[in-house]
Every structure is written in structure tokens, then in C-alpha cells.
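**Q** Pasting data.cif here (mmCIF, C-alpha atoms):
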data_protein
loop_
_atom_site.group_PDB
_atom_site.id
_atom_site.type_symbol
_atom_site.label_atom_id
_atom_site.label_comp_id
_atom_site.auth_asym_id
_atom_site.auth_seq_id
_atom_site.Cartn_x
_atom_site.Cartn_y
_atom_site.Cartn_z
ATOM 1 C CA MET H 30 49.942 -51.638 24.321
ATOM 2 C CA LYS H 31 48.740 -50.348 27.678
ATOM 3 C CA ARG H 32 49.454 -46.814 26.512
ATOM 4 C CA PHE H 33 47.397 -47.355 23.353
ATOM 5 C CA ILE H 34 44.419 -48.709 25.330
ATOM 6 C CA SER H 35 44.590 -45.751 27.754
ATOM 7 C CA ILE H 36 44.629 -43.231 24.898
ATOM 8 C CA PHE H 37 41.776 -45.042 23.123
ATOM 9 C CA ILE H 38 39.596 -45.068 26.262
ATOM 10 C CA SER H 39 40.359 -41.347 26.870
ATOM 11 C CA LEU H 40 39.309 -40.488 23.303
ATOM 12 C CA ILE H 41 36.043 -42.405 23.671
ATOM 13 C CA LEU H 42 35.240 -40.624 26.934
ATOM 14 C CA CYS H 43 35.985 -37.219 25.419
ATOM 15 C CA THR H 44 33.870 -38.040 22.375
ATOM 16 C CA THR H 45 30.880 -39.037 24.501
ATOM 17 C CA ALA H 46 31.229 -35.840 26.531
ATOM 18 C CA VAL H 47 31.102 -33.759 23.335
ATOM 19 C CA PHE H 48 28.050 -35.636 22.050
ATOM 20 C CA ALA H 49 26.378 -35.415 25.454
ATOM 21 C CA GLN H 50 26.685 -31.611 25.368
ATOM 22 C CA ASP H 51 25.085 -31.461 21.904
ATOM 23 C CA SER H 52 22.320 -33.750 23.036
ATOM 24 C CA TYR H 53 21.623 -31.499 26.061
ATOM 25 C CA GLU H 54 21.268 -28.405 23.863
ATOM 26 C CA ASP H 55 18.845 -30.243 21.576
ATOM 27 C CA ASP H 56 16.740 -31.322 24.572
ATOM 28 C CA GLU H 57 16.585 -27.719 25.809
ATOM 29 C CA ASP H 58 15.107 -26.584 22.493
ATOM 30 C CA ILE H 59 12.535 -29.375 22.611
ATOM 31 C CA TYR H 60 11.501 -28.551 26.209
ATOM 32 C CA ASP H 61 9.674 -25.303 25.484
ATOM 33 C CA ASP H 62 6.430 -25.570 27.451
ATOM 34 C CA GLY H 63 5.056 -22.320 25.980
ATOM 35 C CA TYR H 64 4.086 -20.879 29.377
ATOM 36 C CA VAL H 65 3.329 -17.155 29.228
ATOM 37 C CA TYR H 66 3.036 -15.238 32.507
ATOM 38 C CA GLU H 67 -0.314 -13.497 32.953
ATOM 39 C CA GLN H 68 -1.102 -10.979 35.675
ATOM 40 C CA ASN H 69 -4.446 -12.669 36.349
ATOM 41 C CA GLY H 70 -5.616 -16.186 35.708
ATOM 42 C CA ALA H 71 -8.478 -18.515 36.549
ATOM 43 C CA GLY H 72 -8.749 -18.867 40.316
ATOM 44 C CA ASP H 73 -7.003 -15.593 41.182
ATOM 45 C CA ARG H 74 -8.822 -13.301 43.611
ATOM 46 C CA PHE H 75 -8.587 -9.785 44.962
ATOM 47 C CA LEU H 76 -9.962 -7.623 47.735
ATOM 48 C CA LYS H 77 -10.449 -3.936 47.017
ATOM 49 C CA ILE H 78 -11.019 -0.838 49.109
ATOM 50 C CA ASP H 79 -12.274 2.439 47.608
ATOM 51 C CA MET H 80 -12.584 5.822 49.330
ATOM 52 C CA GLY H 81 -13.676 9.084 47.758
ATOM 53 C CA ALA H 82 -16.296 11.730 47.120
ATOM 54 C CA ASN H 83 -19.971 10.931 46.542
ATOM 55 C CA PHE H 84 -21.990 13.205 44.232
ATOM 56 C CA PRO H 85 -25.821 13.202 44.158
ATOM 57 C CA LEU H 86 -26.900 13.647 40.530
ATOM 58 C CA ASN H 87 -30.657 14.151 40.493
ATOM 59 C CA PHE H 88 -31.449 15.918 43.780
ATOM 60 C CA GLY H 89 -31.030 19.499 42.576
ATOM 61 C CA ASP H 90 -29.657 21.589 45.437
ATOM 62 C CA GLN H 91 -31.285 19.389 48.111
ATOM 63 C CA LEU H 92 -28.133 17.321 48.853
ATOM 64 C CA TYR H 93 -24.505 18.295 49.257
ATOM 65 C CA THR H 94 -21.512 16.341 48.025
ATOM 66 C CA GLY H 95 -20.609 13.655 50.538
ATOM 67 C CA ALA H 96 -18.228 10.774 51.053
ATOM 68 C CA ALA H 97 -18.252 7.114 50.063
ATOM 69 C CA ALA H 98 -16.252 4.041 50.980
ATOM 70 C CA SER H 99 -16.563 0.531 49.631
ATOM 71 C CA ILE H 100 -15.061 -2.898 49.991
ATOM 72 C CA GLY H 101 -15.294 -5.669 47.430
ATOM 73 C CA PHE H 102 -14.167 -9.175 46.557
ATOM 74 C CA TYR H 103 -13.760 -10.606 43.050
ATOM 75 C CA TYR H 104 -12.810 -14.064 41.724
ATOM 76 C CA PHE H 105 -11.337 -14.516 38.224
ATOM 77 C CA LEU H 106 -12.927 -17.113 35.938
ATOM 78 C CA ASN H 107 -10.215 -16.510 33.323
ATOM 79 C CA SER H 108 -7.616 -13.797 32.706
ATOM 80 C CA TYR H 109 -10.244 -11.191 31.724
ATOM 81 C CA LEU H 110 -13.532 -12.077 33.461
ATOM 82 C CA ALA H 111 -14.284 -12.098 37.196
ATOM 83 C CA VAL H 112 -17.366 -12.327 39.396
ATOM 84 C CA GLY H 113 -17.867 -10.865 42.848
ATOM 85 C CA GLY H 114 -19.539 -8.169 44.866
ATOM 86 C CA ASP H 115 -19.258 -4.848 46.677
ATOM 87 C CA VAL H 116 -20.637 -3.095 49.725
ATOM 88 C CA ILE H 117 -20.738 0.718 49.512
ATOM 89 C CA LEU H 118 -21.366 3.080 52.401
ATOM 90 C CA SER H 119 -22.208 6.615 51.267
ATOM 91 C CA TYR H 120 -23.039 9.712 53.273
ATOM 92 C CA ASN H 121 -24.546 13.005 52.109
ATOM 93 C CA LEU H 122 -26.061 15.928 54.036
ATOM 94 C CA SER H 123 -29.282 17.608 53.006
ATOM 95 C CA ILE H 124 -29.769 21.380 53.030
ATOM 96 C CA GLY H 125 -31.418 20.923 56.446
ATOM 97 C CA LYS H 126 -28.240 19.189 57.734
ATOM 98 C CA LYS H 127 -29.996 15.811 57.824
ATOM 99 C CA PRO H 128 -27.805 12.850 56.816
ATOM 100 C CA LEU H 129 -28.767 10.590 53.922
ATOM 101 C CA ILE H 130 -27.004 7.251 54.332
ATOM 102 C CA THR H 131 -27.173 4.630 51.593
ATOM 103 C CA VAL H 132 -25.690 1.135 51.799
ATOM 104 C CA PRO H 133 -25.906 -0.696 48.451
ATOM 105 C CA VAL H 134 -24.829 -4.355 48.407
ATOM 106 C CA THR H 135 -24.304 -5.511 44.822
ATOM 107 C CA PHE H 136 -23.138 -8.616 42.968
ATOM 108 C CA GLY H 137 -22.038 -8.904 39.360
ATOM 109 C CA ALA H 138 -19.329 -9.365 36.775
ATOM 110 C CA MET H 139 -16.119 -7.571 35.888
ATOM 111 C CA PHE H 140 -14.314 -7.438 32.546
ATOM 112 C CA GLN H 141 -10.690 -6.316 32.870
ATOM 113 C CA PRO H 142 -8.363 -5.808 29.888
ATOM 114 C CA CYS H 143 -4.664 -5.167 30.600
ATOM 115 C CA LEU H 144 -1.969 -3.148 28.896
ATOM 116 C CA GLY H 145 1.398 -4.026 30.399
ATOM 117 C CA LYS H 146 1.128 -3.314 34.124
ATOM 118 C CA PHE H 147 -2.030 -1.205 33.673
ATOM 119 C CA GLU H 148 -5.435 -2.808 34.286
ATOM 120 C CA PHE H 149 -8.797 -1.313 33.270
ATOM 121 C CA PRO H 150 -11.742 -2.960 35.082
ATOM 122 C CA PHE H 151 -15.353 -2.464 33.944
ATOM 123 C CA MET H 152 -18.086 -3.780 36.285
ATOM 124 C CA LEU H 153 -21.862 -4.197 36.163
ATOM 125 C CA ASN H 154 -23.600 -5.151 39.406
ATOM 126 C CA VAL H 155 -27.129 -5.438 40.793
ATOM 127 C CA GLY H 156 -28.359 -5.973 44.319
ATOM 128 C CA PHE H 157 -30.207 -4.315 47.161
ATOM 129 C CA ALA H 158 -29.716 -1.268 49.349
ATOM 130 C CA THR H 159 -30.692 0.276 52.642
ATOM 131 C CA VAL H 160 -31.583 3.978 52.573
ATOM 132 C CA SER H 161 -31.806 5.993 55.782
ATOM 133 C CA CYS H 162 -32.771 9.675 56.099
ATOM 134 C CA GLN H 163 -34.350 11.677 58.923
ATOM 135 C CA GLN H 164 -34.785 8.570 61.087
ATOM 136 C CA LEU H 165 -36.718 6.834 58.302
ATOM 137 C CA MET H 166 -35.376 3.658 56.735
ATOM 138 C CA TYR H 167 -36.268 2.170 53.372
ATOM 139 C CA PHE H 168 -35.292 -1.496 52.927
ATOM 140 C CA PRO H 169 -34.954 -3.359 50.661
ATOM 141 C CA ALA H 170 -34.379 -0.998 47.790
ATOM 142 C CA PHE H 171 -33.212 -2.245 44.408
ATOM 143 C CA SER H 172 -29.680 -1.137 43.482
ATOM 144 C CA ALA H 173 -27.756 -1.182 40.199
ATOM 145 C CA LYS H 174 -24.145 -0.083 39.747
ATOM 146 C CA ALA H 175 -21.723 0.450 36.873
ATOM 147 C CA SER H 176 -18.014 1.054 37.500
ATOM 148 C CA ALA H 177 -14.836 1.739 35.572
ATOM 149 C CA GLY H 178 -11.287 2.247 36.723
ATOM 150 C CA ALA H 179 -7.605 2.396 35.891
ATOM 151 C CA PHE H 180 -5.053 0.568 38.046
ATOM 152 C CA TYR H 181 -1.297 0.164 38.059
ATOM 153 C CA ARG H 182 -0.102 -3.301 39.103
ATOM 154 C CA TRP H 183 2.685 -2.389 41.538
ATOM 155 C CA ASN H 184 3.706 -6.017 42.051
ATOM 156 C CA GLU H 185 2.150 -9.459 42.153
ATOM 157 C CA THR H 186 0.173 -8.614 45.288
ATOM 158 C CA TRP H 187 -0.819 -4.913 45.120
ATOM 159 C CA SER H 188 -2.406 -2.582 42.584
ATOM 160 C CA PHE H 189 -3.363 1.075 43.024
ATOM 161 C CA GLY H 190 -5.602 3.332 40.993
ATOM 162 C CA ILE H 191 -8.713 5.415 40.599
ATOM 163 C CA SER H 192 -12.255 4.282 39.976
ATOM 164 C CA ALA H 193 -15.647 5.816 39.309
ATOM 165 C CA HIS H 194 -18.978 4.268 40.285
ATOM 166 C CA GLY H 195 -22.416 5.274 39.149
ATOM 167 C CA TYR H 196 -25.258 3.725 41.078
ATOM 168 C CA TRP H 197 -29.038 3.937 41.045
ATOM 169 C CA ILE H 198 -31.288 3.344 44.055
ATOM 170 C CA PRO H 199 -35.023 3.665 43.320
ATOM 171 C CA GLN H 200 -37.681 3.730 46.019
ATOM 172 C CA TRP H 201 -41.045 2.387 44.873
ATOM 173 C CA TYR H 202 -44.241 2.865 46.877
ATOM 174 C CA THR H 203 -47.796 1.658 46.367
ATOM 175 C CA ASN H 204 -48.728 5.259 45.604
ATOM 176 C CA PRO H 205 -46.531 6.109 42.573
ATOM 177 C CA GLU H 206 -46.437 9.836 43.330
ATOM 178 C CA TYR H 207 -44.080 9.085 46.248
ATOM 179 C CA ASN H 208 -41.606 7.093 44.129
ATOM 180 C CA ASP H 209 -38.048 8.394 44.147
ATOM 181 C CA TYR H 210 -35.033 7.569 42.007
ATOM 182 C CA GLY H 211 -31.697 8.279 43.666
ATOM 183 C CA LEU H 212 -28.823 8.560 41.225
ATOM 184 C CA PHE H 213 -25.276 8.947 42.580
ATOM 185 C CA THR H 214 -21.718 8.798 41.356
ATOM 186 C CA SER H 215 -18.511 8.507 43.323
ATOM 187 C CA VAL H 216 -14.893 9.090 42.327
ATOM 188 C CA ASP H 217 -12.490 7.087 44.459
ATOM 189 C CA LEU H 218 -8.888 6.292 45.197
ATOM 190 C CA SER H 219 -8.572 2.535 45.265
ATOM 191 C CA VAL H 220 -6.206 -0.186 46.441
ATOM 192 C CA ARG H 221 -6.461 -3.876 45.597
ATOM 193 C CA TYR H 222 -4.825 -6.861 47.284
ATOM 194 C CA HIS H 223 -4.363 -9.792 44.866
ATOM 195 C CA PHE H 224 -4.023 -13.374 46.079
#
Represent the structure of the file as C-alpha cells.
**A**
Amino acid sequence: MKRFISIFISLILCTTAVFAQDSYEDDEDIYDDGYVYEQNGAGDRFLKIDMGANFPLNFGDQLYTGAAASIGFYYFLNSYLAVGGDVILSYNLSIGKKPLITVPVTFGAMFQPCLGKFEFPFMLNVGFATVSCQQLMYFPAFSAKASAGAFYRWNETWSFGISAHGYWIPQWYTNPEYNDYGLFTSVDLSVRYHF
């Protein structure tokens, strides 16, 4: 009789182990939280640094091609839309070897679609600028900027790419014949730090 009870208890334990395994597999199918990894989400941020060539567009042969560098910060509202700002420092020489230095500070929005690890940001910003040439300074000047770029997301933290900025810096005076409209574009190598 003791042998029968031992065998019966062993069979019950084995049966519960088999049913417990089936129950575990069913629970795994039910526990699908539907989470999909996105490269960017609400609350994500990045710092960016751009360095490249600066081209004056509407100065004729009065200005030479120069250099530009910028730093920016952007904060994502969702996976595609971010807000932030940039500071650009650009330098061009005139035909008389006089430096033209412009420092636009702009704020705006960025729309960034993604294709795999490639990101394509488009930005529109407005702000103010300081313009300095031949020891004369014009401040505050209005500034507007449009940008586009292509980046490769190397890992969770870094992305590298190229970007192009077009920016407009008008100078308005009380006498309209002295008004000037500086139009520039820069083509840059860029790095972004995501956090």
C-alpha cells in the first residue's frame, strides 16, 4: 500500500509540473506589452556641433568664402518633433581683407523623420544676430535660418552627418537706402550627442 501511495503522489507531482509548463507558455503569450524601440522619444535631448564652410550669397565679389561653426541644443516633444536653438559664429573676409563676423542666435522647431539608422532633420529658426565689420557693430539684427541634414545614428549616444544652413540677416536703418540684406549658406560636418 505504501508503494501505491508513493507512485500516486509521484504521478500527481509530475502531472502538475507538465501543466505548470503549459500555463507558463500561455502567460508568456499574454504578456506582450507591445513596446517598440524608437531612436528618439519624448524627453530625449541632443547637443550638436557643426563646422564647415560659409558662403555669402548676395554680396557679389565683395566677400570671400569663410568658415562657420555652431552649437545647438534640441529637446524632443515626440519621436519626430523637437524644439531648441543654435548659436552660429561665421567669419568671412572682404576684398579689402576686412573681417565680417556674424553671430546669429536662433530658436525654433525641428522635424526629423528616420529611415532605419538614418535621420533627416529639417529646422526652421528665428532670432537675433550681431554683425561686426570694420570696427562697426550692428545689434540687434533680425535673423532667420532654415536647415536640413542627413545623419547616421552610430549608437544610442552618437550620430554623425552633414548639414546645410541657409540664414538671412537684414540690417534696417531709418534711411532705407542704407538697408542691407545678408544672405549666407553653410555646409557643415556635424556630430550630435544624444542623452
**Q** Could you state the separation of CA of Gly145 (chain H) and CA of Phe180 (chain H) in Å, given to one decimal place?
**A** 11.0 Å
**Q** Which is closest to Thr186 (chain H) among H:Phe88, H:Phe147, H:Trp201, H:Phe224, if we use all atoms listed in the file?
**A** H:Phe224
**Q** Can you sort out the box for region 91-96 of chain H, edges along x, y and z, all listed atoms in, 8 Å on every side, with centre and edge lengths in Å to one decimal, as AutoDock Vina command-line options?
**A**
--center_x -24.8 --center_y 15.1 --center_z 49.5 --size_x 29.1 --size_y 24.6 --size_z 19.0
**Q** Given the file above and the PyMOL selection byres ((chain H and resi 117-128) around 6), which residues are selected, and can you give them as an MDAnalysis selection string?
**A** chainID H and resid 91:93 95:99 116 129:133 162
**Q** Could you work out how far CA of Lys174 (chain H) lies from CA of Phe189 (chain H), giving the answer in Å with one decimal?
**A**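 Computed distance, CA of Phe189 (chain H) to CA of Lys174 (chain H), equals 21.1 Å.
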**Q** Please provide as a PyMOL selection string all residues within 9 Å of region 213-215 of chain H, with the sequence filter that same-chain residues fewer than 6 positions apart are discarded (counting only C-alpha atoms).
**A** chain H and resi 80-87+96-97+119+192-198
**Q** Place N, CA and C atoms on region 116-144 of chain H and deliver the coordinates as an mmCIF file, keeping the file's coordinate frame.
**A**
data_model
loop_
_atom_site.group_PDB
_atom_site.id
_atom_site.type_symbol
_atom_site.label_atom_id
_atom_site.label_comp_id
_atom_site.auth_asym_id
_atom_site.auth_seq_id
_atom_site.Cartn_x
_atom_site.Cartn_y
_atom_site.Cartn_z
ATOM 1 N N VAL H 116 -19.797 -3.785 48.758
ATOM 2 C CA VAL H 116 -20.637 -3.095 49.725
ATOM 3 C C VAL H 116 -20.159 -1.648 49.754
ATOM 4 N N ILE H 117 -21.078 -0.711 49.516
ATOM 5 C CA ILE H 117 -20.738 0.718 49.512
ATOM 6 C C ILE H 117 -21.451 1.374 50.689
ATOM 7 N N LEU H 118 -20.765 2.249 51.364
ATOM 8 C CA LEU H 118 -21.366 3.080 52.401
ATOM 9 C C LEU H 118 -21.192 4.524 51.958
ATOM 10 N N SER H 119 -22.297 5.218 51.705
ATOM 11 C CA SER H 119 -22.208 6.615 51.267
ATOM 12 C C SER H 119 -22.986 7.510 52.218
ATOM 13 N N TYR H 120 -22.512 8.758 52.307
ATOM 14 C CA TYR H 120 -23.039 9.712 53.273
ATOM 15 C C TYR H 120 -23.134 11.074 52.603
ATOM 16 N N ASN H 121 -24.326 11.657 52.628
ATOM 17 C CA ASN H 121 -24.546 13.005 52.109
ATOM 18 C C ASN H 121 -25.420 13.774 53.104
ATOM 19 N N LEU H 122 -25.222 15.077 53.191
ATOM 20 C CA LEU H 122 -26.061 15.928 54.036
ATOM 21 C C LEU H 122 -27.059 16.680 53.172
ATOM 22 N N SER H 123 -28.273 16.819 53.708
ATOM 23 C CA SER H 123 -29.282 17.608 53.006
ATOM 24 C C SER H 123 -29.101 19.074 53.375
ATOM 25 N N ILE H 124 -29.883 19.950 52.714
ATOM 26 C CA ILE H 124 -29.769 21.380 53.030
ATOM 27 C C ILE H 124 -30.223 21.669 54.453
ATOM 28 N N GLY H 125 -31.001 20.772 55.052
ATOM 29 C CA GLY H 125 -31.418 20.923 56.446
ATOM 30 C C GLY H 125 -30.469 20.227 57.412
ATOM 31 N N LYS H 126 -29.262 19.857 56.924
ATOM 32 C CA LYS H 126 -28.240 19.189 57.734
ATOM 33 C C LYS H 126 -28.684 17.821 58.234
ATOM 34 N N LYS H 127 -29.571 17.169 57.495
ATOM 35 C CA LYS H 127 -29.996 15.811 57.824
ATOM 36 C C LYS H 127 -29.175 14.837 56.984
ATOM 37 N N PRO H 128 -28.626 13.789 57.587
ATOM 38 C CA PRO H 128 -27.805 12.850 56.816
ATOM 39 C C PRO H 128 -28.650 11.871 56.002
ATOM 40 N N LEU H 129 -28.226 11.651 54.768
ATOM 41 C CA LEU H 129 -28.767 10.590 53.922
ATOM 42 C C LEU H 129 -27.673 9.528 53.846
ATOM 43 N N ILE H 130 -27.974 8.345 54.335
ATOM 44 C CA ILE H 130 -27.004 7.251 54.332
ATOM 45 C C ILE H 130 -27.557 6.140 53.453
ATOM 46 N N THR H 131 -26.784 5.738 52.466
ATOM 47 C CA THR H 131 -27.173 4.630 51.593
ATOM 48 C C THR H 131 -26.119 3.537 51.706
ATOM 49 N N VAL H 132 -26.587 2.290 51.723
ATOM 50 C CA VAL H 132 -25.690 1.135 51.799
ATOM 51 C C VAL H 132 -26.106 0.131 50.730
ATOM 52 N N PRO H 133 -25.621 0.294 49.489
ATOM 53 C CA PRO H 133 -25.906 -0.696 48.451
ATOM 54 C C PRO H 133 -24.982 -1.918 48.585
ATOM 55 N N VAL H 134 -25.564 -3.084 48.448
ATOM 56 C CA VAL H 134 -24.829 -4.355 48.407
ATOM 57 C C VAL H 134 -25.117 -4.946 47.037
ATOM 58 N N THR H 135 -24.081 -5.088 46.205
ATOM 59 C CA THR H 135 -24.304 -5.511 44.822
ATOM 60 C C THR H 135 -23.401 -6.687 44.456
ATOM 61 N N PHE H 136 -23.868 -7.461 43.476
ATOM 62 C CA PHE H 136 -23.138 -8.616 42.968
ATOM 63 C C PHE H 136 -23.163 -8.547 41.444
ATOM 64 N N GLY H 137 -22.051 -8.967 40.811
ATOM 65 C CA GLY H 137 -22.038 -8.904 39.360
ATOM 66 C C GLY H 137 -20.757 -9.410 38.754
ATOM 67 N N ALA H 138 -20.469 -8.901 37.562
ATOM 68 C CA ALA H 138 -19.329 -9.365 36.775
ATOM 69 C C ALA H 138 -18.410 -8.203 36.437
ATOM 70 N N MET H 139 -17.130 -8.552 36.243
ATOM 71 C CA MET H 139 -16.119 -7.571 35.888
ATOM 72 C C MET H 139 -15.362 -8.067 34.663
ATOM 73 N N PHE H 140 -15.175 -7.178 33.700
ATOM 74 C CA PHE H 140 -14.314 -7.438 32.546
ATOM 75 C C PHE H 140 -13.100 -6.533 32.687
ATOM 76 N N GLN H 141 -11.881 -7.112 32.614
ATOM 77 C CA GLN H 141 -10.690 -6.316 32.870
ATOM 78 C C GLN H 141 -9.601 -6.572 31.820
ATOM 79 N N PRO H 142 -9.495 -5.712 30.807
ATOM 80 C CA PRO H 142 -8.363 -5.808 29.888
ATOM 81 C C PRO H 142 -7.109 -5.208 30.538
ATOM 82 N N CYS H 143 -5.951 -5.631 30.062
ATOM 83 C CA CYS H 143 -4.664 -5.167 30.600
ATOM 84 C C CYS H 143 -3.794 -4.644 29.470
ATOM 85 N N LEU H 144 -2.964 -3.675 29.812
ATOM 86 C CA LEU H 144 -1.969 -3.148 28.896
ATOM 87 C C LEU H 144 -0.679 -3.015 29.691
#
